[in-house]
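Visitor: Provided below: my_file_9.txt, containing compact mmCIF, C-alpha atoms and all ligand atoms.
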# COMPACT_ATOMS: atom_id res chain seq x y z
CA MET Q 1 -70.91 -16.30 56.51
CA LYS Q 2 -72.91 -15.29 53.45
CA LEU Q 3 -75.12 -17.95 51.85
CA ASP Q 4 -73.21 -17.94 48.56
CA GLU Q 5 -69.89 -18.27 50.35
CA TRP Q 6 -71.18 -21.21 52.36
CA LEU Q 7 -72.55 -22.90 49.24
CA SER Q 8 -69.39 -22.23 47.22
CA GLN Q 9 -67.30 -24.03 49.82
CA ARG Q 10 -69.55 -27.03 49.51
CA LEU Q 11 -69.48 -26.85 45.71
CA ASP Q 12 -65.68 -26.77 45.84
CA LYS Q 13 -65.80 -30.18 47.52
CA THR Q 14 -68.05 -31.43 44.70
CA LYS Q 15 -65.52 -30.13 42.17
CA GLU Q 16 -62.57 -31.68 44.04
CA SER Q 17 -64.18 -35.09 43.91
CA GLY Q 18 -64.66 -34.83 40.15
CA LEU Q 19 -68.44 -34.86 40.50
CA TYR Q 20 -69.35 -31.32 39.48
CA ARG Q 21 -72.23 -31.12 36.97
CA ARG Q 22 -73.40 -28.43 34.63
CA LEU Q 23 -76.17 -27.91 32.12
CA ARG Q 24 -75.76 -28.29 28.38
CA THR Q 25 -77.90 -26.09 26.19
CA MET Q 26 -79.15 -27.61 22.98
CA ASP Q 27 -79.88 -25.23 20.14
CA THR Q 28 -81.72 -27.79 18.06
CA SER Q 29 -83.95 -30.71 18.84
CA SER Q 30 -83.71 -32.94 15.80
CA LEU Q 31 -82.26 -35.92 17.60
CA PRO Q 32 -80.08 -37.90 17.16
CA GLU Q 33 -78.12 -34.94 15.73
CA MET Q 34 -77.92 -31.77 17.77
CA VAL Q 35 -76.01 -28.54 17.99
CA ALA Q 36 -74.76 -27.86 21.51
CA ASP Q 37 -71.88 -25.66 22.62
CA GLU Q 38 -71.69 -24.56 18.98
CA ARG Q 39 -70.74 -28.01 17.88
CA GLN Q 40 -72.64 -30.49 15.75
CA GLN Q 41 -72.96 -33.73 17.68
CA ILE Q 42 -74.58 -37.13 17.34
CA VAL Q 43 -76.49 -37.86 20.53
CA PHE Q 44 -76.01 -41.30 22.07
CA SER Q 45 -77.80 -40.58 25.32
CA SER Q 46 -81.43 -39.92 24.60
CA ASN Q 47 -84.36 -42.01 25.83
CA ASN Q 48 -86.21 -41.43 22.58
CA TYR Q 49 -85.70 -45.11 21.72
CA LEU Q 50 -88.23 -45.34 18.90
CA GLY Q 51 -87.80 -41.79 17.62
CA LEU Q 52 -91.35 -40.83 18.66
CA ALA Q 53 -90.50 -37.54 20.42
CA ASN Q 54 -90.27 -35.80 17.06
CA ASP Q 55 -92.66 -38.00 15.10
CA GLU Q 56 -95.05 -36.07 12.84
CA ARG Q 57 -98.03 -38.15 13.94
CA LEU Q 58 -97.52 -37.15 17.57
CA ILE Q 59 -96.96 -33.52 16.66
CA TYR Q 60 -100.18 -33.52 14.66
CA ALA Q 61 -102.16 -35.14 17.50
CA ALA Q 62 -100.83 -32.62 20.03
CA GLU Q 63 -101.42 -29.66 17.72
CA THR Q 64 -105.07 -30.47 17.07
CA ILE Q 65 -105.89 -30.72 20.78
CA LEU Q 66 -103.66 -27.75 21.62
CA HIS Q 67 -105.98 -25.45 19.69
CA GLU Q 68 -109.07 -26.95 21.28
CA PHE Q 69 -107.93 -27.22 24.92
CA GLY Q 70 -105.12 -24.68 25.24
CA VAL Q 71 -101.60 -25.07 26.55
CA GLY Q 72 -101.93 -25.77 30.26
CA SER Q 73 -104.39 -27.99 32.11
CA SER Q 74 -104.75 -25.31 34.84
CA GLY Q 75 -105.67 -27.59 37.70
CA SER Q 76 -105.08 -30.82 39.56
CA ARG Q 77 -106.95 -33.88 38.35
CA LEU Q 78 -109.42 -33.74 41.24
CA THR Q 79 -110.31 -30.09 40.60
CA THR Q 80 -110.31 -28.59 37.11
CA GLY Q 81 -107.44 -30.48 35.46
CA HIS Q 82 -109.23 -33.60 34.24
CA THR Q 83 -110.31 -33.58 30.59
CA LYS Q 84 -111.66 -36.28 28.32
CA TRP Q 85 -108.11 -36.60 26.94
CA HIS Q 86 -106.76 -37.56 30.36
CA GLN Q 87 -109.51 -40.15 30.62
CA LYS Q 88 -108.99 -41.47 27.08
CA LEU Q 89 -105.25 -41.80 27.71
CA GLU Q 90 -105.76 -43.68 30.97
CA GLU Q 91 -108.07 -46.13 29.21
CA ARG Q 92 -105.48 -46.50 26.43
CA ILE Q 93 -102.65 -47.14 28.90
CA ALA Q 94 -104.77 -49.77 30.68
CA SER Q 95 -105.47 -51.60 27.42
CA PHE Q 96 -101.81 -51.27 26.36
CA LYS Q 97 -100.59 -52.69 29.67
CA GLN Q 98 -103.49 -55.17 29.69
CA THR Q 99 -104.65 -54.16 33.14
CA GLU Q 100 -108.07 -53.21 34.45
CA ALA Q 101 -107.19 -49.56 35.00
CA ALA Q 102 -104.47 -46.92 34.88
CA LEU Q 103 -103.90 -43.60 36.61
CA LEU Q 104 -101.92 -40.72 35.15
CA PHE Q 105 -99.35 -38.79 37.19
CA SER Q 106 -97.35 -35.77 36.06
CA SER Q 107 -94.13 -37.76 35.85
CA GLY Q 108 -92.73 -41.20 36.48
CA TYR Q 109 -90.86 -39.75 39.43
CA LEU Q 110 -94.09 -38.61 41.04
CA ALA Q 111 -95.81 -41.93 40.28
CA ASN Q 112 -93.07 -43.84 42.13
CA VAL Q 113 -93.07 -41.49 45.08
CA GLY Q 114 -96.88 -41.50 45.19
CA VAL Q 115 -97.21 -45.30 45.20
CA LEU Q 116 -94.41 -46.02 47.65
CA SER Q 117 -95.41 -43.34 50.12
CA SER Q 118 -99.10 -44.30 50.19
CA LEU Q 119 -99.42 -48.10 49.78
CA PRO Q 120 -96.96 -49.62 52.26
CA GLN Q 121 -97.82 -48.69 55.85
CA LYS Q 122 -95.91 -48.54 59.11
CA GLY Q 123 -94.89 -52.09 60.01
CA ASP Q 124 -94.79 -53.25 56.38
CA VAL Q 125 -91.52 -54.04 54.61
CA ILE Q 126 -90.36 -52.89 51.16
CA PHE Q 127 -87.67 -55.01 49.47
CA SER Q 128 -85.86 -52.79 47.01
CA ASP Q 129 -83.19 -53.70 44.42
CA GLN Q 130 -79.84 -52.08 45.20
CA LEU Q 131 -79.76 -50.28 41.84
CA ASN Q 132 -83.33 -48.99 41.75
CA HIS Q 133 -83.93 -45.50 40.33
CA ALA Q 134 -83.64 -42.44 42.58
CA SER Q 135 -87.41 -41.92 42.47
CA VAL Q 136 -87.94 -45.41 43.92
CA ILE Q 137 -85.38 -44.67 46.62
CA ASP Q 138 -87.07 -41.38 47.46
CA GLY Q 139 -90.45 -43.13 47.58
CA CYS Q 140 -89.03 -45.64 50.08
CA ARG Q 141 -87.60 -42.80 52.15
CA LEU Q 142 -90.98 -41.11 52.32
CA SER Q 143 -92.77 -44.33 53.23
CA LYS Q 144 -93.37 -45.22 56.88
CA ALA Q 145 -92.59 -48.86 56.07
CA ASP Q 146 -89.12 -50.37 56.62
CA THR Q 147 -86.90 -50.76 53.56
CA VAL Q 148 -84.59 -53.73 52.98
CA ILE Q 149 -82.12 -53.47 50.10
CA TYR Q 150 -81.29 -56.68 48.21
CA LYS Q 151 -78.36 -57.28 45.84
CA HIS Q 152 -78.90 -56.19 42.24
CA VAL Q 153 -81.15 -58.70 40.38
CA ASP Q 154 -80.12 -61.37 42.92
CA THR Q 155 -83.22 -63.46 43.70
CA ASP Q 156 -81.28 -65.73 46.10
CA ASP Q 157 -80.41 -62.72 48.22
CA LEU Q 158 -83.99 -61.48 47.94
CA GLU Q 159 -85.30 -64.84 49.17
CA GLU Q 160 -82.84 -64.90 52.09
CA LYS Q 161 -84.10 -61.50 53.13
CA LEU Q 162 -87.77 -62.38 52.65
CA LYS Q 163 -87.24 -65.40 54.95
CA GLU Q 164 -85.84 -63.22 57.71
CA VAL Q 165 -88.96 -61.08 57.94
CA ALA Q 166 -91.80 -62.23 60.17
CA CYS Q 167 -94.60 -63.65 58.04
CA ASP Q 168 -97.28 -61.49 59.60
CA ARG Q 169 -95.82 -58.34 58.04
CA GLN Q 170 -97.02 -57.27 54.60
CA CYS Q 171 -94.13 -57.30 52.15
CA PHE Q 172 -93.64 -55.38 48.90
CA ILE Q 173 -90.94 -56.03 46.31
CA VAL Q 174 -90.03 -53.05 44.16
CA THR Q 175 -87.74 -53.20 41.13
CA ASP Q 176 -86.93 -51.33 37.96
CA GLY Q 177 -87.85 -53.40 34.87
CA VAL Q 178 -84.81 -52.22 32.91
CA PHE Q 179 -82.19 -50.58 35.13
CA SER Q 180 -81.41 -47.08 34.02
CA MET Q 181 -77.65 -47.06 34.66
CA ASP Q 182 -76.83 -50.73 34.01
CA GLY Q 183 -79.27 -51.69 31.26
CA THR Q 184 -79.97 -55.01 33.01
CA ILE Q 185 -83.42 -56.61 33.05
CA ALA Q 186 -85.03 -57.56 36.37
CA PRO Q 187 -85.81 -61.32 36.61
CA LEU Q 188 -89.51 -60.59 36.98
CA ASP Q 189 -90.60 -64.23 36.49
CA LYS Q 190 -88.50 -65.35 39.48
CA ILE Q 191 -89.54 -62.32 41.52
CA MET Q 192 -93.20 -63.16 40.89
CA SER Q 193 -92.74 -66.76 42.12
CA LEU Q 194 -90.99 -65.51 45.26
CA ALA Q 195 -93.76 -63.00 45.82
CA GLU Q 196 -96.34 -65.76 45.59
CA ARG Q 197 -94.44 -67.96 48.03
CA TYR Q 198 -93.97 -65.19 50.59
CA GLY Q 199 -97.24 -63.32 50.08
CA ALA Q 200 -95.58 -60.15 48.80
CA PHE Q 201 -96.90 -57.58 46.32
CA VAL Q 202 -94.70 -56.70 43.34
CA ILE Q 203 -94.21 -53.16 42.09
CA ILE Q 204 -92.34 -52.80 38.81
CA ASP Q 205 -90.99 -49.51 37.50
CA ASP Q 206 -91.12 -50.03 33.75
CA ALA Q 207 -89.76 -46.62 32.70
CA HIS Q 208 -87.15 -47.95 30.26
CA ALA Q 209 -89.00 -51.14 29.32
CA THR Q 210 -92.28 -49.63 28.10
CA GLY Q 211 -92.28 -49.60 24.31
CA VAL Q 212 -89.03 -51.57 24.19
CA LEU Q 213 -89.49 -55.01 25.80
CA GLY Q 214 -92.06 -57.62 24.80
CA GLU Q 215 -93.48 -58.47 21.40
CA ASN Q 216 -95.94 -55.57 21.48
CA GLY Q 217 -93.75 -53.29 23.57
CA ARG Q 218 -95.88 -53.72 26.69
CA GLY Q 219 -92.77 -54.00 28.84
CA THR Q 220 -91.14 -56.39 31.30
CA SER Q 221 -94.41 -58.19 32.10
CA GLU Q 222 -94.86 -59.12 28.43
CA HIS Q 223 -91.17 -60.05 28.11
CA PHE Q 224 -91.59 -62.67 30.85
CA GLY Q 225 -95.31 -63.41 30.40
CA VAL Q 226 -96.20 -62.57 34.00
CA THR Q 227 -98.53 -60.06 35.68
CA PRO Q 228 -97.08 -57.94 38.51
CA HIS Q 229 -99.54 -56.39 40.98
CA ILE Q 230 -98.53 -52.82 40.24
CA THR Q 231 -96.81 -51.38 37.18
CA ILE Q 232 -95.35 -47.89 37.15
CA GLY Q 233 -94.29 -46.27 33.92
CA THR Q 234 -93.33 -43.08 32.23
CA LEU Q 235 -94.39 -41.50 28.95
CA SER Q 236 -91.11 -39.60 28.80
CA LYS Q 237 -88.92 -42.33 27.32
CA ALA Q 238 -89.87 -44.58 24.39
CA VAL Q 239 -93.39 -43.08 24.31
CA GLY Q 240 -91.72 -39.78 23.44
CA THR Q 241 -93.86 -37.33 25.46
CA GLU Q 242 -94.01 -36.73 29.21
CA GLY Q 243 -95.98 -37.82 32.26
CA GLY Q 244 -96.11 -40.95 34.40
CA PHE Q 245 -98.67 -43.63 35.15
CA VAL Q 246 -99.60 -46.52 37.40
CA SER Q 247 -101.48 -49.49 35.98
CA GLY Q 248 -103.17 -52.34 37.80
CA SER Q 249 -106.61 -53.02 39.23
CA LYS Q 250 -109.49 -50.54 39.47
CA VAL Q 251 -109.29 -50.69 43.27
CA LEU Q 252 -105.58 -49.83 43.10
CA THR Q 253 -106.12 -46.71 40.99
CA ASP Q 254 -109.09 -45.71 43.14
CA PHE Q 255 -106.91 -46.04 46.24
CA LEU Q 256 -104.12 -43.95 44.72
CA LEU Q 257 -106.54 -41.29 43.54
CA ASN Q 258 -107.60 -40.94 47.17
CA HIS Q 259 -104.27 -41.37 48.94
CA ALA Q 260 -101.25 -40.61 46.73
CA ARG Q 261 -100.24 -37.06 47.59
CA THR Q 262 -98.21 -36.64 44.39
CA PHE Q 263 -101.43 -37.32 42.48
CA ILE Q 264 -103.74 -35.16 44.59
CA PHE Q 265 -101.56 -32.06 44.91
CA GLN Q 266 -100.13 -31.82 41.39
CA THR Q 267 -101.36 -29.99 38.33
CA SER Q 268 -102.14 -32.52 35.63
CA ILE Q 269 -100.22 -32.74 32.35
CA SER Q 270 -101.52 -30.80 29.38
CA PRO Q 271 -104.39 -32.33 27.34
CA CYS Q 272 -102.33 -31.97 24.16
CA ILE Q 273 -99.60 -34.14 25.71
CA CYS Q 274 -102.29 -36.73 26.53
CA ALA Q 275 -103.40 -36.73 22.88
CA ALA Q 276 -99.82 -37.16 21.64
CA SER Q 277 -99.23 -39.97 24.15
CA TYR Q 278 -102.43 -41.66 22.98
CA ALA Q 279 -101.18 -41.57 19.40
CA ALA Q 280 -97.78 -42.89 20.52
CA LEU Q 281 -99.27 -45.96 22.21
CA GLU Q 282 -101.21 -46.81 19.03
CA ILE Q 283 -97.93 -46.63 17.09
CA ILE Q 284 -95.92 -48.60 19.67
CA GLU Q 285 -98.26 -51.59 19.58
CA GLN Q 286 -97.74 -51.81 15.82
CA SER Q 287 -93.97 -51.23 15.88
CA LYS Q 288 -92.67 -54.79 16.02
CA GLU Q 289 -90.21 -54.18 13.22
CA GLN Q 290 -88.95 -50.99 14.82
CA ARG Q 291 -88.25 -52.89 18.03
CA GLN Q 292 -86.36 -55.57 16.13
CA LEU Q 293 -84.38 -52.87 14.35
CA LEU Q 294 -83.60 -51.25 17.70
CA LEU Q 295 -82.33 -54.50 19.19
CA SER Q 296 -80.14 -55.21 16.15
CA LYS Q 297 -78.52 -51.78 16.50
CA VAL Q 298 -77.98 -52.41 20.22
CA LYS Q 299 -76.25 -55.68 19.40
CA GLN Q 300 -74.03 -54.04 16.81
CA VAL Q 301 -72.79 -51.43 19.31
CA LYS Q 302 -72.37 -53.86 22.19
CA THR Q 303 -70.46 -56.54 20.28
CA GLY Q 304 -68.36 -53.87 18.54
CA LEU Q 305 -67.23 -52.46 21.88
CA GLU Q 306 -66.66 -55.88 23.46
CA GLU Q 307 -64.49 -56.95 20.54
CA MET Q 308 -62.32 -53.89 21.18
CA GLY Q 309 -61.81 -55.05 24.75
CA TYR Q 310 -64.19 -52.81 26.65
CA GLU Q 311 -66.13 -53.97 29.69
CA VAL Q 312 -69.72 -53.43 28.63
CA LYS Q 313 -72.69 -53.92 30.94
CA GLY Q 314 -76.35 -54.32 30.06
CA GLY Q 315 -78.81 -57.04 29.17
CA GLY Q 316 -79.34 -56.43 25.46
CA THR Q 317 -81.47 -53.34 26.15
CA PRO Q 318 -80.83 -49.94 24.49
CA ILE Q 319 -78.88 -48.83 27.59
CA ILE Q 320 -75.24 -49.73 27.04
CA PRO Q 321 -72.87 -48.75 29.89
CA VAL Q 322 -69.16 -48.82 29.04
CA ILE Q 323 -67.07 -49.06 32.20
CA ILE Q 324 -64.16 -46.63 32.48
CA GLY Q 325 -63.58 -46.83 36.27
CA ASP Q 326 -62.03 -43.56 37.41
CA PRO Q 327 -64.41 -40.53 37.44
CA TYR Q 328 -61.82 -38.09 36.00
CA LYS Q 329 -60.99 -40.47 33.18
CA ALA Q 330 -64.67 -40.93 32.44
CA VAL Q 331 -65.10 -37.15 32.18
CA ASP Q 332 -62.03 -36.89 29.92
CA PHE Q 333 -63.46 -39.64 27.78
CA ALA Q 334 -66.79 -37.84 27.42
CA LYS Q 335 -64.96 -34.59 26.51
CA ARG Q 336 -62.90 -36.36 23.87
CA LEU Q 337 -66.04 -37.95 22.46
CA GLN Q 338 -67.53 -34.48 22.07
CA GLN Q 339 -64.47 -33.33 20.17
CA GLU Q 340 -65.14 -36.24 17.84
CA GLY Q 341 -68.76 -35.08 17.46
CA ILE Q 342 -70.39 -37.58 19.77
CA TYR Q 343 -72.42 -36.78 22.83
CA ALA Q 344 -72.63 -39.43 25.56
CA PRO Q 345 -72.36 -38.51 29.23
CA ALA Q 346 -69.95 -39.72 31.87
CA ILE Q 347 -71.90 -41.17 34.79
CA ARG Q 348 -70.14 -40.97 38.12
CA PRO Q 349 -70.80 -41.62 41.81
CA PRO Q 350 -73.17 -41.20 43.55
CA THR Q 351 -75.28 -42.24 40.56
CA VAL Q 352 -73.13 -45.39 40.17
CA PRO Q 353 -70.81 -47.17 42.68
CA ILE Q 354 -67.28 -45.85 43.27
CA GLY Q 355 -64.83 -47.34 40.74
CA GLU Q 356 -67.59 -47.89 38.19
CA SER Q 357 -67.69 -44.52 36.45
CA ARG Q 358 -68.83 -45.08 32.93
CA ILE Q 359 -69.88 -43.72 29.61
CA ARG Q 360 -73.56 -44.47 29.30
CA LEU Q 361 -74.65 -44.98 25.72
CA THR Q 362 -78.20 -45.35 24.53
CA VAL Q 363 -79.10 -46.45 21.04
CA THR Q 364 -82.28 -45.47 19.20
CA THR Q 365 -83.88 -46.54 15.92
CA ASP Q 366 -82.93 -43.14 14.47
CA HIS Q 367 -79.19 -43.86 14.57
CA SER Q 368 -77.91 -44.64 11.07
CA SER Q 369 -75.30 -47.32 10.32
CA LYS Q 370 -72.82 -44.54 9.55
CA GLU Q 371 -73.45 -42.91 12.93
CA ILE Q 372 -72.90 -46.22 14.69
CA ASP Q 373 -69.69 -46.79 12.73
CA ASP Q 374 -68.51 -43.29 13.72
CA LEU Q 375 -69.27 -44.08 17.35
CA LEU Q 376 -67.23 -47.28 17.27
CA THR Q 377 -64.32 -45.58 15.47
CA SER Q 378 -64.21 -42.88 18.14
CA PHE Q 379 -64.29 -45.42 20.95
CA ARG Q 380 -61.35 -47.27 19.40
CA LEU Q 381 -59.35 -44.05 19.03
CA ILE Q 382 -60.04 -42.57 22.47
CA GLY Q 383 -59.79 -45.88 24.30
CA LYS Q 384 -56.24 -46.31 23.01
CA GLU Q 385 -55.34 -42.69 23.76
CA LEU Q 386 -56.47 -43.01 27.37
CA SER Q 387 -55.00 -46.53 27.71
CA ILE Q 388 -58.34 -48.15 28.46
CA ILE Q 389 -58.00 -50.67 25.64
CA VAL Q 390 -54.91 -51.95 23.84
C1 LIG Q 401 -86.67 -41.85 34.03
C2 LIG Q 401 -87.07 -42.77 35.12
C3 LIG Q 401 -88.06 -42.40 36.03
C4 LIG Q 401 -88.65 -41.03 36.05
O1 LIG Q 401 -89.56 -40.82 35.03
P1 LIG Q 401 -89.94 -39.31 34.65
O2 LIG Q 401 -91.21 -39.43 33.91
O3 LIG Q 401 -88.82 -38.78 33.84
O4 LIG Q 401 -90.09 -38.58 35.95
C5 LIG Q 401 -88.44 -43.33 36.97
N1 LIG Q 401 -87.87 -44.55 37.02
C6 LIG Q 401 -86.91 -44.93 36.17
C7 LIG Q 401 -86.34 -46.29 36.26
C8 LIG Q 401 -86.48 -44.04 35.20
O5 LIG Q 401 -85.50 -44.41 34.37
Write out the structure in this file as structure tokens.
Ligand SMILES: *Cc1c(COP(=O)(O)O)cnc(C)c1O
Guide:
Amino acid sequence: MKLDEWLSQRLDKTKESGLYRRLRTMDTSSLPEMVADERQQIVFSSNNYLGLANDERLIYAAETILHEFGVGSSGSRLTTGHTKWHQKLEERIASFKQTEAALLFSSGYLANVGVLSSLPQKGDVIFSDQLNHASVIDGCRLSKADTVIYKHVDTDDLEEKLKEVACDRQCFIVTDGVFSMDGTIAPLDKIMSLAERYGAFVIIDDAHATGVLGENGRGTSEHFGVTPHITIGTLSKAVGTEGGFVSGSKVLTDFLLNHARTFIFQTSISPCICAASYAALEIIEQSKEQRQLLLSKVKQVKTGLEEMGYEVKGGGTPIIPVIIGDPYKAVDFAKRLQQEGIYAPAIRPPTVPIGESRIRLTVTTDHSSKEIDDLLTSFRLIGKELSIIV
């Protein structure tokens, strides 16, 4: 059999199960409006929560350094890819997260994989929330430690499982701060008390919480007023740029610099991206009003949809999942939304459990009241058409 034939047969199965995916090409980048597939659409799926990805101040910061340092970093951090801008950004992240140190990775994905594959050793146990991000799951798979999955944000289940493990084994608890498909917030305060009781180390993946949760946008730790042992984050969401990081103690970052393979064997991000990220963190700390505005828009969308009779998940974060159930219906819904000029993707298994296909909305500070009204009007119309609401 030819390779393409063999692959096509497998792709046919993907199509049959309603799970086929394809790329969407955007012709413009001025979110939240975009032109894609020759149609003007309002985007309700971006992670650009505070509108920083196209903020003039970030563009200016990147541009200045771009001319000085060039486009690419041309090396890994341990060879020729470490500039003063990488160092400045790491110091800025550490002060933003209020930790002793921080270490930059090329993405949040690589930070998760790097930490989980290097810290826990054979014989150790990682307790991982059932709905953790794919990069956490892949990190656990690469680790030589055993992984135990506990029920989503269920600290009773976590405690049961911690009790079952022999106390001489080192335990780690890993959780998303804000869950990317459900919008729920991890009960980090309770997790920290359990960790103390059972001698476990806590790793939090704050990808969606950084810039959004806490008075100064420092994330889940600030939201609950606790200090996890290890924080992982990304610059690609509210920060508006790209790259990942780990923050914690100086010994932790020193260890990762020496042992995390995704740090050692990866070309570092561009210095101009570091400069833009630096500017973004300065802005985020001073964006209290923007965060309040964001949360008020979230509330408006969530209550609007609930009043119509939709099942809406989430914990008051900018991720608002609207449950549709059947994967085909979810895809139809997303298509109809596009005809109404709204882009929000259908999320289907295996990303979410079977029977929980959904439209995943995200709200940003850039969405106007009119755009939110249009969104709600379309949901009322399509929901009735597809008999999801009455
Ligand atoms: C987006 C995301 C990541 C990956 O971050 P990137 O910088 O895009 O690689 C990791 N964890 C969670 C929870 C995320 O939502």
Visitor: Counting only C-alpha atoms and all ligand atoms, which residues in chain Q sit no more than 6 Å from ligand LIG 401 (chain Q)? For each one, give the nearest pair of atoms and the distance in Å, sorted by chain then residue number, as a Markdown table.
Guide:
| residue | atom | partner | partner_atom | distance |
| --- | --- | --- | --- | --- |
| Q:Ser107 | CA | Q:LIG401 | O2 | 3.9 |
| Q:Gly108 | CA | Q:LIG401 | O2 | 3.5 |
| Q:Tyr109 | CA | Q:LIG401 | O4 | 3.8 |
| Q:His133 | CA | Q:LIG401 | C7 | 4.8 |
| Q:Ser135 | CA | Q:LIG401 | C5 | 5.8 |
| Q:Asp176 | CA | Q:LIG401 | C7 | 5.4 |
| Q:Ser180 | CA | Q:LIG401 | O5 | 4.9 |
| Q:Asp205 | CA | Q:LIG401 | C7 | 5.8 |
| Q:Ala207 | CA | Q:LIG401 | C6 | 4.8 |
| Q:His208 | CA | Q:LIG401 | O5 | 5.7 |
| Q:Thr234 | CA | Q:LIG401 | O2 | 4.5 |
| Q:Ser236 | CA | Q:LIG401 | O2 | 5.1 |
| Q:Gly243 | CA | Q:LIG401 | O2 | 5.3 |
| Q:Gly244 | CA | Q:LIG401 | O2 | 5.2 |
Visitor: I'd like the neighbourhood of stretch 114-129 of chain Q as a PyMOL selection string, where a residue qualifies if any of its atoms comes within 7 Å (using all atoms listed in the file), though same-chain residues fewer than 4 positions away should be ignored.
Guide: chain Q and resi 110+139-140+142-153+169-175+259-263
Visitor: In Å to one decimal, how far is atom CA of Q:Glu222 from atom CA of Q:Pro271?
Guide: 28.5 Å
Visitor: May I have the residues at most 10 Å from (-92.3, -65.5, 47.2) in the file's coordinates, counting all atoms listed in the file, as a ChimeraX atom specification?
Guide: /Q:155,158-159,162-163,171,173,190-202
Visitor: Measuring atom to atom with all atoms listed in the file, identify which of Q:Gly309, Q:Gly177, Q:Gly248, Q:Pro228 is nearest to Q:Gly383.
Guide: Q:Gly309
Visitor: So which one's closest to Q:Ser357, Q:Leu11, Q:Val246, Q:Ala330, Q:Met181? Using all atoms listed in the file, please.
Guide: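 The answer is Q:Ala330, which sits nearest to Q:Ser357.
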Visitor: What is the atom CA of Q:Thr364-atom CA of Q:His223 distance in Å, reported with one decimal?
Guide: 19.3 Å
Visitor: What separation in Å, quoted to one decimal, exists between atom CA of Q:Thr351 and atom CA of Q:Asp37?
Guide: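 Answer for the atom CA of Q:Thr351 to atom CA of Q:Asp37 separation: 24.7 Å.
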Visitor: For Q:Lys329, work out the shell of residues within 9 Å, counting only C-alpha atoms and skipping chain neighbours fewer than 4 positions away, then give it as a ChimeraX atom specification.
Guide: /Q:324-325,333-334,357,386
Visitor: Please provide the set of residues having any atom within 10 Å of Q:Ile273, restricted to only C-alpha atoms, with same-chain residues fewer than 4 positions apart removed, written as a ChimeraX atom specification.
Guide: /Q:58-59,61-63,65-66,71-72,85-86,89,235,240-243,269,277-279
Visitor: Env of Q:Thr28: 12 Å cut, atoms = only C-alpha atoms, seq-sep filter 6 positions within chain, self excluded. Answer as a short mmCIF file (atom, residue, chain, number, x, y, z; two decimals) with C-alpha atoms, in the frame of the given file.
Guide:
data_model
loop_
_atom_site.label_atom_id
_atom_site.label_comp_id
_atom_site.auth_asym_id
_atom_site.auth_seq_id
_atom_site.Cartn_x
_atom_site.Cartn_y
_atom_site.Cartn_z
CA MET Q 34 -77.92 -31.77 17.77
CA VAL Q 35 -76.01 -28.54 17.99
CA ALA Q 36 -74.76 -27.86 21.51
CA ASP Q 37 -71.88 -25.66 22.62
CA GLU Q 38 -71.69 -24.56 18.98
CA ARG Q 39 -70.74 -28.01 17.88
CA GLN Q 40 -72.64 -30.49 15.75
CA GLN Q 41 -72.96 -33.73 17.68
CA ILE Q 42 -74.58 -37.13 17.34
CA VAL Q 43 -76.49 -37.86 20.53
CA ASN Q 54 -90.27 -35.80 17.06
#
Visitor: Might you pull out every residue within 10 Å of Q:Pro32, with all atoms listed in the file counted and same-chain residues fewer than 3 positions away left off, and present them as an mmCIF file with C-alpha atoms, in the frame of the given file?
Guide:
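Printed below is out-v9.cif as written:
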data_model
loop_
_atom_site.group_PDB
_atom_site.id
_atom_site.type_symbol
_atom_site.label_atom_id
_atom_site.label_comp_id
_atom_site.auth_asym_id
_atom_site.auth_seq_id
_atom_site.Cartn_x
_atom_site.Cartn_y
_atom_site.Cartn_z
ATOM 1 C CA SER Q 29 -83.950 -30.710 18.840
ATOM 2 C CA GLN Q 41 -72.960 -33.730 17.680
ATOM 3 C CA ILE Q 42 -74.580 -37.130 17.340
ATOM 4 C CA VAL Q 43 -76.490 -37.860 20.530
ATOM 5 C CA PHE Q 44 -76.010 -41.300 22.070
ATOM 6 C CA SER Q 45 -77.800 -40.580 25.320
ATOM 7 C CA SER Q 46 -81.430 -39.920 24.600
ATOM 8 C CA ASN Q 48 -86.210 -41.430 22.580
ATOM 9 C CA GLY Q 51 -87.800 -41.790 17.620
ATOM 10 C CA TYR Q 343 -72.420 -36.780 22.830
ATOM 11 C CA VAL Q 363 -79.100 -46.450 21.040
ATOM 12 C CA THR Q 364 -82.280 -45.470 19.200
ATOM 13 C CA THR Q 365 -83.880 -46.540 15.920
ATOM 14 C CA ASP Q 366 -82.930 -43.140 14.470
ATOM 15 C CA HIS Q 367 -79.190 -43.860 14.570
ATOM 16 C CA SER Q 368 -77.910 -44.640 11.070
ATOM 17 C CA GLU Q 371 -73.450 -42.910 12.930
#
Visitor: For a quick check of understanding, using all atoms listed in the file, which of Q:Glu5, Q:Ala102, Q:Leu337, Q:Phe379 has the smallest distance to Q:Lys250?
Guide: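 Using all atoms listed in the file, Q:Lys250 sits closest to Q:Ala102.
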